[in-house]
file upload25.cif (mmCIF, C-alpha atoms)
data_query
#
loop_
_atom_site.label_atom_id
_atom_site.label_comp_id
_atom_site.auth_asym_id
_atom_site.auth_seq_id
_atom_site.Cartn_x
_atom_site.Cartn_y
_atom_site.Cartn_z
CA MET A 1317 126.66 126.87 108.15
CA ILE A 1318 122.93 126.39 108.78
CA ASP A 1319 120.86 129.50 108.22
CA ARG A 1320 119.18 131.02 111.28
CA LYS A 1321 115.70 130.27 109.88
CA ILE A 1322 116.52 126.56 109.68
CA ALA A 1323 118.25 126.46 113.06
CA PHE A 1324 115.12 127.84 114.70
CA ILE A 1325 112.69 125.35 113.17
CA THR A 1326 111.41 123.55 116.23
CA PRO A 1327 110.09 119.99 116.53
CA ASP A 1328 106.45 119.21 117.34
CA MET A 1329 105.22 121.13 114.29
CA LYS A 1330 101.60 120.96 113.20
CA VAL A 1331 101.04 120.97 109.43
CA LEU A 1332 97.74 121.46 107.59
CA ILE A 1333 97.37 120.34 103.97
CA LEU A 1334 94.45 121.48 101.83
CA GLY A 1335 93.29 119.00 99.18
CA SER A 1336 92.07 115.45 98.72
CA GLY A 1337 93.93 113.89 95.80
CA GLY A 1338 96.94 111.69 95.19
CA ARG A 1339 99.24 114.71 95.22
CA GLU A 1340 98.04 115.69 98.68
CA HIS A 1341 98.26 112.12 100.00
CA ALA A 1342 101.88 111.98 98.82
CA LEU A 1343 102.65 115.25 100.60
CA VAL A 1344 100.95 114.09 103.81
CA TRP A 1345 102.84 110.78 103.65
CA LYS A 1346 106.18 112.53 103.15
CA ILE A 1347 105.64 115.29 105.70
CA ALA A 1348 104.55 112.81 108.39
CA GLN A 1349 108.00 111.16 108.14
CA SER A 1350 109.74 114.35 109.26
CA PRO A 1351 111.14 114.28 112.81
CA LEU A 1352 110.10 117.92 113.04
CA VAL A 1353 106.40 117.16 112.61
CA ASP A 1354 104.11 116.02 115.40
CA GLU A 1355 100.69 116.23 113.70
CA VAL A 1356 99.47 116.37 110.09
CA PHE A 1357 95.93 117.52 109.35
CA SER A 1358 94.11 117.38 106.00
CA ALA A 1359 91.07 119.15 104.62
CA PRO A 1360 89.10 117.52 103.19
CA GLY A 1361 91.53 114.61 102.79
CA ASN A 1362 90.72 111.06 101.70
CA PRO A 1363 90.76 107.55 103.26
CA GLY A 1364 94.50 107.19 102.68
CA MET A 1365 95.26 110.55 104.26
CA ASP A 1366 92.96 109.76 107.18
CA LYS A 1367 95.27 106.90 108.16
CA VAL A 1368 98.09 109.43 108.63
CA GLY A 1369 96.23 112.16 110.50
CA PRO A 1370 92.81 113.72 111.12
CA CYS A 1371 90.78 114.90 108.11
CA PHE A 1372 88.26 117.73 108.19
CA ASP A 1373 85.37 117.70 105.73
CA LEU A 1374 85.36 121.12 104.11
CA ASP A 1375 85.66 122.68 100.67
CA PRO A 1376 89.19 124.12 100.36
CA THR A 1377 87.83 126.93 98.17
CA ASP A 1378 85.52 128.01 101.02
CA LEU A 1379 87.86 130.63 102.44
CA THR A 1380 85.75 131.27 105.52
CA ALA A 1381 85.75 127.59 106.48
CA VAL A 1382 89.48 127.26 105.75
CA GLN A 1383 90.33 130.24 107.96
CA GLU A 1384 88.11 128.97 110.77
CA LEU A 1385 89.82 125.57 110.67
CA ALA A 1386 93.28 127.14 110.68
CA LEU A 1387 92.40 129.31 113.67
CA GLN A 1388 91.07 126.21 115.44
CA ILE A 1389 94.13 123.96 114.99
CA THR A 1390 96.82 126.72 114.70
CA PRO A 1391 99.19 124.94 112.30
CA ASP A 1392 102.82 126.02 112.01
CA LEU A 1393 102.65 125.53 108.24
CA ILE A 1394 99.81 125.32 105.72
CA ILE A 1395 100.33 123.70 102.32
CA ILE A 1396 97.81 124.34 99.56
CA GLY A 1397 97.78 121.33 97.24
CA PRO A 1398 95.36 121.93 94.32
CA GLU A 1399 94.98 124.89 92.01
CA ALA A 1400 91.38 125.89 92.80
CA PRO A 1401 92.02 127.21 96.36
CA LEU A 1402 95.06 129.11 95.08
CA ALA A 1403 92.98 130.71 92.33
CA ALA A 1404 90.34 131.57 94.94
CA GLY A 1405 92.90 133.42 97.09
CA ALA A 1406 93.32 130.94 99.95
CA SER A 1407 97.00 131.75 100.47
CA ASP A 1408 96.30 135.49 100.73
CA ALA A 1409 93.49 134.98 103.24
CA LEU A 1410 95.60 132.67 105.42
CA ARG A 1411 98.70 134.89 105.29
CA ALA A 1412 96.53 137.83 106.35
CA ARG A 1413 95.68 135.77 109.45
CA GLY A 1414 99.38 135.37 110.24
CA PHE A 1415 99.93 131.81 109.01
CA ASP A 1416 102.98 130.59 107.08
CA VAL A 1417 101.67 129.26 103.76
CA PHE A 1418 103.34 127.21 101.03
CA GLY A 1419 101.56 128.37 97.88
CA PRO A 1420 101.54 131.48 95.68
CA SER A 1421 99.27 134.48 96.05
CA GLN A 1422 96.08 134.70 94.02
CA GLN A 1423 97.75 137.20 91.70
CA ALA A 1424 100.83 135.02 91.14
CA ALA A 1425 98.68 131.89 90.76
CA GLN A 1426 97.25 133.39 87.59
CA LEU A 1427 100.19 131.68 85.91
CA GLU A 1428 97.91 128.64 86.04
CA SER A 1429 94.41 130.09 86.38
CA SER A 1430 94.80 132.18 83.21
CA LYS A 1431 96.70 130.81 80.22
CA GLY A 1432 96.55 134.23 78.58
CA PHE A 1433 98.03 135.94 81.64
CA ALA A 1434 100.90 133.45 81.65
CA LYS A 1435 101.57 133.87 77.92
CA ASP A 1436 101.56 137.65 78.23
CA LEU A 1437 104.08 137.52 81.09
CA MET A 1438 106.34 135.15 79.15
CA LYS A 1439 106.27 137.53 76.22
CA LYS A 1440 107.06 140.48 78.51
CA TYR A 1441 110.00 138.71 80.20
CA GLY A 1442 111.38 137.15 77.00
CA VAL A 1443 110.74 133.54 78.09
CA PRO A 1444 110.77 131.05 75.18
CA THR A 1445 107.31 129.67 74.40
CA ALA A 1446 105.03 129.04 71.43
CA GLU A 1447 103.66 131.95 69.40
CA TYR A 1448 100.04 132.60 70.34
CA GLY A 1449 96.87 134.62 70.11
CA ARG A 1450 94.52 135.43 73.00
CA PHE A 1451 90.81 135.81 72.28
CA SER A 1452 87.50 136.57 73.99
CA ASP A 1453 85.70 137.24 70.70
CA LEU A 1454 84.67 134.21 68.60
CA THR A 1455 84.94 135.97 65.24
CA GLU A 1456 88.45 137.22 66.00
CA ALA A 1457 89.52 133.73 67.08
CA LEU A 1458 88.18 132.16 63.87
CA ASP A 1459 89.88 134.85 61.79
CA TYR A 1460 93.19 134.10 63.55
CA LEU A 1461 92.93 130.44 62.55
CA GLU A 1462 93.03 131.58 58.91
CA THR A 1463 96.49 133.09 59.46
CA ILE A 1464 98.26 130.01 60.88
CA GLU A 1465 98.90 126.43 59.83
CA GLY A 1466 98.03 123.23 61.69
CA PRO A 1467 98.30 121.33 63.88
CA TYR A 1468 96.34 123.76 66.05
CA VAL A 1469 96.70 123.98 69.84
CA ILE A 1470 93.59 125.39 71.50
CA LYS A 1471 93.53 126.09 75.24
CA ALA A 1472 90.80 127.21 77.61
CA ASP A 1473 92.13 130.27 79.41
CA GLY A 1474 90.93 129.16 82.86
CA LEU A 1475 91.05 126.04 85.00
CA ALA A 1476 89.55 122.96 83.35
CA SER A 1477 90.90 120.07 85.48
CA GLY A 1478 93.70 119.30 83.03
CA LYS A 1479 91.28 118.74 80.13
CA GLY A 1480 91.17 122.23 78.61
CA VAL A 1481 93.82 121.66 75.93
CA VAL A 1482 92.98 120.22 72.53
CA ILE A 1483 95.33 119.58 69.58
CA VAL A 1484 93.66 119.12 66.18
CA GLU A 1485 95.05 118.67 62.68
CA SER A 1486 92.58 120.35 60.31
CA GLN A 1487 91.26 123.88 60.22
CA ASP A 1488 87.68 122.60 60.28
CA GLU A 1489 88.37 120.69 63.51
CA ALA A 1490 90.03 123.77 64.95
CA GLU A 1491 87.05 125.97 64.10
CA ASN A 1492 84.65 123.47 65.69
CA THR A 1493 86.78 123.23 68.82
CA VAL A 1494 87.04 127.01 69.15
CA GLU A 1495 83.26 127.33 68.86
CA GLU A 1496 82.69 124.56 71.43
CA PHE A 1497 85.10 126.18 73.87
CA MET A 1498 83.82 129.71 73.52
CA THR A 1499 80.15 128.72 73.70
CA GLY A 1500 80.41 127.01 77.06
CA LYS A 1501 82.19 123.64 76.92
CA PHE A 1502 84.13 124.49 80.08
CA GLY A 1503 81.87 127.30 81.29
CA ASP A 1504 83.65 130.51 82.22
CA ALA A 1505 87.03 128.74 81.96
CA SER A 1506 86.78 128.66 78.15
CA ALA A 1507 84.95 131.97 77.57
CA GLU A 1508 88.43 133.21 76.71
CA ILE A 1509 90.88 131.02 74.83
CA VAL A 1510 94.50 130.88 73.71
CA ILE A 1511 95.47 129.53 70.28
CA GLU A 1512 99.11 128.49 69.97
CA GLU A 1513 101.49 127.27 67.36
CA PHE A 1514 102.23 123.56 67.59
CA MET A 1515 105.64 122.71 69.07
CA THR A 1516 107.49 119.53 68.12
CA GLY A 1517 109.57 117.75 70.73
CA GLU A 1518 109.28 115.83 73.99
CA GLU A 1519 107.51 117.16 77.07
CA ALA A 1520 108.84 117.13 80.60
CA SER A 1521 107.85 118.60 83.97
CA ILE A 1522 110.24 120.57 86.15
CA PHE A 1523 109.32 121.59 89.70
CA VAL A 1524 110.97 124.54 91.38
CA MET A 1525 110.50 125.24 95.09
CA THR A 1526 110.96 128.95 95.71
CA ASP A 1527 110.51 131.77 98.19
CA GLY A 1528 110.42 134.26 95.32
CA GLU A 1529 114.20 134.72 95.19
CA GLY A 1530 116.04 131.44 95.66
CA ALA A 1531 115.12 128.18 93.94
CA ILE A 1532 115.47 124.45 94.59
CA TYR A 1533 115.15 122.34 91.42
CA LEU A 1534 113.67 118.89 91.91
CA PRO A 1535 114.51 116.07 89.47
CA ALA A 1536 112.66 116.40 86.18
CA ALA A 1537 109.66 114.14 85.71
CA GLN A 1538 107.48 113.01 82.82
CA ASP A 1539 103.71 112.67 82.92
CA HIS A 1540 101.51 110.57 80.61
CA LYS A 1541 98.53 112.73 79.71
CA ARG A 1542 96.76 110.56 77.13
CA VAL A 1543 94.37 107.95 78.44
CA GLY A 1544 95.63 105.01 76.36
CA ASP A 1545 98.80 103.02 75.72
CA GLY A 1546 101.02 104.57 73.08
CA ASP A 1547 99.83 108.08 74.05
CA VAL A 1548 96.48 107.81 72.28
CA GLY A 1549 93.01 108.98 73.25
CA PRO A 1550 91.82 112.10 75.06
CA ASN A 1551 93.87 114.13 77.51
CA THR A 1552 93.52 113.29 81.19
CA GLY A 1553 94.83 114.70 84.44
CA GLY A 1554 97.70 112.20 84.11
CA MET A 1555 97.85 108.39 83.89
CA GLY A 1556 101.32 107.92 85.35
CA ALA A 1557 104.69 109.54 85.87
CA TYR A 1558 108.32 108.81 86.55
CA ALA A 1559 111.46 110.61 87.68
CA PRO A 1560 114.12 111.44 86.85
CA ALA A 1561 113.34 112.04 83.16
CA PRO A 1562 116.43 111.34 81.00
CA ILE A 1563 115.32 113.85 78.35
CA VAL A 1564 116.23 116.66 80.79
CA ASP A 1565 119.99 116.45 81.03
CA ALA A 1566 122.26 118.96 82.77
CA ARG A 1567 122.36 121.23 79.71
CA ILE A 1568 118.57 121.37 79.38
CA MET A 1569 118.15 121.99 83.12
CA GLU A 1570 120.65 124.87 82.95
CA LEU A 1571 118.71 126.41 80.04
CA VAL A 1572 115.44 126.06 81.96
CA GLN A 1573 117.05 127.83 84.89
CA THR A 1574 118.61 130.73 82.96
CA LEU A 1575 116.04 131.24 80.17
CA ILE A 1576 112.79 130.43 81.97
CA VAL A 1577 112.80 130.26 85.77
CA GLU A 1578 115.14 133.12 86.65
CA PRO A 1579 113.46 135.63 84.27
CA MET A 1580 110.01 134.62 85.55
CA LEU A 1581 110.89 134.89 89.25
CA SER A 1582 112.78 138.17 88.92
CA GLY A 1583 110.16 139.67 86.60
CA MET A 1584 107.26 138.76 88.86
CA ALA A 1585 109.10 140.12 91.91
CA ASP A 1586 109.81 143.38 90.07
CA ASP A 1587 106.15 143.61 89.09
CA GLY A 1588 105.05 143.34 92.72
CA MET A 1589 103.79 139.76 92.69
CA PRO A 1590 106.64 137.61 94.04
CA TYR A 1591 106.06 133.90 93.55
CA GLN A 1592 106.26 131.67 96.66
CA GLY A 1593 105.60 127.95 96.65
CA VAL A 1594 106.28 125.46 93.90
CA LEU A 1595 106.42 126.52 90.27
CA TYR A 1596 105.54 123.73 87.84
CA VAL A 1597 107.29 124.37 84.53
CA GLY A 1598 105.90 122.22 81.74
CA ILE A 1599 108.45 122.33 78.93
CA MET A 1600 108.79 121.05 75.39
CA VAL A 1601 112.36 120.00 74.59
CA THR A 1602 112.64 121.20 70.99
CA GLU A 1603 115.55 121.24 68.56
CA SER A 1604 116.16 124.88 69.52
CA GLY A 1605 116.03 124.22 73.25
CA PRO A 1606 113.36 124.11 75.97
CA LYS A 1607 110.19 126.14 75.53
CA VAL A 1608 107.34 126.57 78.01
CA VAL A 1609 104.17 124.60 77.32
CA GLU A 1610 102.47 125.77 80.50
CA PHE A 1611 103.01 126.89 84.06
CA ASN A 1612 101.13 125.45 87.01
CA ALA A 1613 101.03 126.92 90.49
CA ARG A 1614 101.30 123.62 92.42
CA PHE A 1615 102.90 120.20 92.33
CA GLY A 1616 101.83 118.01 89.43
CA ASP A 1617 99.59 115.05 89.94
CA PRO A 1618 100.84 112.27 89.52
CA GLU A 1619 104.40 113.65 89.30
CA CYS A 1620 104.29 114.65 92.98
CA GLN A 1621 103.76 111.03 94.01
CA ALA A 1622 106.91 109.90 92.21
CA LEU A 1623 108.95 112.84 93.51
CA MET A 1624 107.95 112.42 97.15
CA ALA A 1625 108.68 108.69 97.00
CA GLY A 1626 112.11 109.24 95.45
CA LEU A 1627 113.30 111.88 97.93
CA PRO A 1628 115.07 110.12 100.80
CA GLY A 1629 115.34 113.10 103.15
CA ASP A 1630 113.21 115.66 104.99
CA ILE A 1631 111.26 118.11 102.82
CA VAL A 1632 109.66 120.06 105.69
CA PRO A 1633 112.49 122.58 106.28
CA ALA A 1634 112.44 123.50 102.57
CA LEU A 1635 108.66 123.88 102.57
CA LEU A 1636 108.86 126.19 105.58
CA VAL A 1637 111.74 128.33 104.30
CA CYS A 1638 109.98 128.73 100.93
CA SER A 1639 107.01 130.04 102.90
CA THR A 1640 108.95 132.46 105.11
CA GLY A 1641 112.00 133.52 103.06
CA GLY A 1642 115.74 133.01 103.32
CA LEU A 1643 116.16 130.32 100.68
CA VAL A 1644 119.23 131.86 99.03
CA SER A 1645 121.37 131.66 102.16
CA SER A 1646 120.08 128.23 103.23
CA HIS A 1647 119.95 126.56 99.80
CA ALA A 1648 122.80 124.07 100.26
CA SER A 1649 121.61 122.96 103.71
CA LEU A 1650 118.05 122.43 102.52
CA CYS A 1651 119.11 120.39 99.49
CA GLU A 1652 121.23 118.20 101.77
CA MET A 1653 118.33 117.72 104.20
CA MET A 1654 116.07 116.67 101.34
CA GLY A 1655 118.64 114.21 100.03
CA LEU A 1656 118.44 115.62 96.51
CA SER A 1657 121.78 114.12 95.49
CA ASP A 1658 120.55 110.65 96.53
CA PHE A 1659 117.18 110.78 94.76
CA ARG A 1660 115.97 107.25 93.94
CA PRO A 1661 114.37 106.47 90.56
CA SER A 1662 110.61 106.33 91.03
CA ALA A 1663 107.45 105.67 89.07
CA THR A 1664 103.69 106.02 89.55
CA VAL A 1665 101.01 104.06 87.70
CA VAL A 1666 97.52 105.54 87.96
CA ILE A 1667 94.54 103.18 88.15
CA ALA A 1668 91.43 105.00 86.93
CA ALA A 1669 87.74 104.14 86.99
CA GLU A 1670 86.18 102.72 83.83
CA GLY A 1671 84.76 105.52 81.72
CA TYR A 1672 87.44 108.04 82.72
CA PRO A 1673 88.00 110.79 81.62
CA ASP A 1674 84.48 111.39 80.27
CA LYS A 1675 82.11 109.54 82.61
CA PRO A 1676 83.99 107.58 85.29
CA VAL A 1677 81.95 104.88 87.00
CA LYS A 1678 81.83 105.42 90.77
CA GLY A 1679 80.98 103.06 93.61
CA THR A 1680 82.79 99.95 92.38
CA ILE A 1681 84.54 97.92 95.12
CA ILE A 1682 88.34 97.93 95.38
CA LYS A 1683 90.28 95.19 97.16
CA GLY A 1684 93.94 94.41 97.73
CA VAL A 1685 95.27 97.92 98.38
CA ASP A 1686 96.73 96.96 101.76
CA GLY A 1687 98.45 93.98 100.15
CA ALA A 1688 100.02 96.19 97.49
CA ASP A 1689 101.18 98.59 100.20
CA ARG A 1690 102.99 95.76 101.96
CA ILE A 1691 105.21 95.06 98.94
CA GLU A 1692 108.68 96.39 99.71
CA GLY A 1693 109.29 99.64 97.85
CA VAL A 1694 105.60 100.17 96.94
CA THR A 1695 103.27 102.87 98.28
CA VAL A 1696 99.68 103.28 97.12
CA PHE A 1697 98.44 106.87 97.15
CA HIS A 1698 94.69 107.45 97.25
CA ALA A 1699 93.33 109.95 94.73
CA GLY A 1700 89.62 109.16 94.44
CA THR A 1701 88.55 106.60 97.03
CA ASP A 1702 85.81 106.44 99.63
CA ILE A 1703 84.53 103.98 102.25
CA ASN A 1704 80.94 102.75 101.86
CA ASP A 1705 78.49 101.81 104.63
CA LYS A 1706 79.85 98.24 104.59
CA ASN A 1707 83.36 99.52 105.32
CA GLU A 1708 84.49 98.61 101.79
CA MET A 1709 86.80 100.79 99.72
CA VAL A 1710 85.06 102.11 96.61
CA ALA A 1711 85.88 104.33 93.67
CA ALA A 1712 84.80 107.94 94.18
CA GLY A 1713 86.52 109.70 91.30
CA GLY A 1714 88.15 109.34 87.91
CA ARG A 1715 91.77 108.78 88.84
CA VAL A 1716 91.43 106.61 91.93
CA LEU A 1717 94.82 105.17 92.95
CA GLY A 1718 98.46 106.03 92.27
CA VAL A 1719 100.62 102.94 92.73
CA THR A 1720 104.12 104.28 93.32
CA ALA A 1721 107.47 102.52 93.68
CA THR A 1722 111.18 103.21 93.87
CA GLY A 1723 114.08 101.11 92.64
CA ASP A 1724 117.80 101.05 91.98
CA SER A 1725 117.02 101.92 88.36
CA LEU A 1726 114.08 103.46 86.57
CA LYS A 1727 113.18 100.09 85.04
CA ALA A 1728 113.27 98.46 88.47
CA ALA A 1729 110.97 101.17 89.85
CA ILE A 1730 108.51 100.77 86.98
CA ASP A 1731 108.52 96.98 87.31
CA LYS A 1732 107.90 97.27 91.05
CA ALA A 1733 105.01 99.72 90.51
CA TYR A 1734 103.34 97.26 88.14
CA GLU A 1735 103.87 94.51 90.70
CA GLY A 1736 101.88 96.68 93.08
CA VAL A 1737 99.17 97.20 90.47
CA GLY A 1738 98.92 93.43 90.03
CA ALA A 1739 98.18 92.97 93.74
CA ILE A 1740 95.06 95.15 93.55
CA ASP A 1741 91.74 93.48 92.79
CA TRP A 1742 89.52 96.02 91.08
CA PRO A 1743 87.63 94.87 87.97
CA GLY A 1744 86.15 98.38 87.64
CA GLY A 1745 89.54 99.99 87.10
CA PHE A 1746 92.01 100.28 84.24
CA PHE A 1747 95.58 101.53 83.76
CA ARG A 1748 98.16 102.12 81.08
CA ASN A 1749 100.69 99.35 80.53
CA ASP A 1750 103.47 101.56 79.14
CA ILE A 1751 104.33 104.09 81.83
CA GLY A 1752 107.94 105.14 81.33
CA HIS A 1753 108.14 103.91 77.73
CA ARG A 1754 110.00 107.01 76.54
CA ALA A 1755 112.72 106.66 79.15
CA LEU A 1756 113.07 102.89 78.71
CA LYS A 1757 113.71 103.36 74.99
#
call {"tool": "encode", "arguments": {"input": "upload25.cif", "output": "structure tokens"}}
result
Amino acid sequence: MIDRKIAFITPDMKVLILGSGGREHALVWKIAQSPLVDEVFSAPGNPGMDKVGPCFDLDPTDLTAVQELALQITPDLIIIGPEAPLAAGASDALRARGFDVFGPSQQAAQLESSKGFAKDLMKKYGVPTAEYGRFSDLTEALDYLETIEGPYVIKADGLASGKGVVIVESQDEAENTVEEFMTGKFGDASAEIVIEEFMTGEEASIFVMTDGEGAIYLPAAQDHKRVGDGDVGPNTGGMGAYAPAPIVDARIMELVQTLIVEPMLSGMADDGMPYQGVLYVGIMVTESGPKVVEFNARFGDPECQALMAGLPGDIVPALLVCSTGGLVSSHASLCEMMGLSDFRPSATVVIAAEGYPDKPVKGTIIKGVDGADRIEGVTVFHAGTDINDKNEMVAAGGRVLGVTATGDSLKAAIDKAYEGVGAIDWPGGFFRNDIGHRALK
């Protein structure tokens, strides 16, 4: 039986998405396919998103501008893509205006905006994670390093665009990193740090759509954080992803549900900060079971691209119910609408600008994107593109394109994604050649 909340979702919906990256383009692309949706708006958007619906040039962390836009276009649903607006309180401000919002409150979003906050909650709720210390005093942090053995995991407490985690082998390297962090490497984001024990295993990303009570588990994905083939070089925001990830079998997923997600959701609700939106659970699959590496308060990028491409059904009803409540009673219907049981293997290969992640070169001309998009099974998501005064597509960021494909098997999806990469003419870009190597082994 379809829940009343789903039955009364009407067609001709207007949806507003805040953000401008590949994750947001994938959401716009997917949402626009829904028969329930009439218009999709983006702010600020990008050239790829502009082809789907109107884009408005504003800073999504400017809460006054965001509220004014929402009041102007009166969307039926607002989706907050990146972490910065969530940390700034965009969802709270928009809900106070009466809008339905997919995204956690500012308080709940601290799961991502403060590593220390997240670790303290995990400890309180008994969620398995690495042992840690939380420090705002440099001397105390250096003293703590004396009490543990390497490798050392050092994390900026705040948001650092996916680059605020460093793993070093020696104590000298750890001391230097701690000093760099706490003396301003990432500004206020690293004024406080977390030092963790090193966990051995394989990482995976699990995304849970929730209204604070019920939960829909999307297929597990794997990101590729290191910039170079073979997982070498500095951390990035992500050089590629694929789903489903074979490392997360039914047993691991059940453990994630019972040991991690359910305690977090019930604990946060009991503490007066119910979590609504998507909960990104970054896990390490260790010999003793899954442990939390990190939580994020939004879809992963580039994992979102692979997930949206692989879902054959309509995600809009689930997004709306997660925003308004009633997920427990409508869970089965929503999963069927999304086509979760028919998820197609999918892969995303990120093409980044030369110099990324340190000093990406901007302004270089990109050709062939439309040709890649015309390949059956391939979709190119824009993450950092712009159009110059000659109407040419140019690089405007570090991670610029996410070439995404589906296939009958994971290998077929990966091969098809690289076929799409090969159709793009961009001498100023580079990509990893081994996306999906763990799964293919």
call {"tool": "resolve_selection", "arguments": {"input": "upload25.cif", "expression": "the PyMOL selection byres ((chain A and resi 1738) around 12)", "output": "ChimeraX atom specification"}}
result
/A:1665,1667,1683-1685,1687-1689,1691,1694,1719,1731-1737,1739-1743,1745-1747,1749
call {"tool": "residues_around", "arguments": {"input": "upload25.cif", "residues": "Met1365 (chain A)", "least_positions_apart": "5", "cutoff": "8 Å", "atoms": "only C-alpha atoms", "output": "PyMOL selection string"}}
result
chain A and resi 1341+1344-1345+1358+1370-1371+1698
call {"tool": "atom_distance", "arguments": {"input": "upload25.cif", "atom1": "CA of Leu1410 (chain A)", "atom2": "CA of Gly1616 (chain A)"}}
result
22.6 Å
call {"tool": "atom_distance", "arguments": {"input": "upload25.cif", "atom1": "CA of Asp1408 (chain A)", "atom2": "CA of Asp1328 (chain A)"}}
result
25.4 Å
call {"tool": "residues_near_point", "arguments": {"input": "upload25.cif", "point": "(101.7, 137.5, 75.8)", "cutoff": "12 Å", "atoms": "all atoms listed in the file", "output": "PyMOL selection string"}}
result
chain A and resi 1427+1430-1451+1510-1512
call {"tool": "closest_residue", "arguments": {"input": "upload25.cif", "among": "A:Arg1411, A:Lys1607, A:Arg1690, A:Lys1675", "to": "Thr1516 (chain A)", "atoms": "only C-alpha atoms"}}
result
A:Lys1607
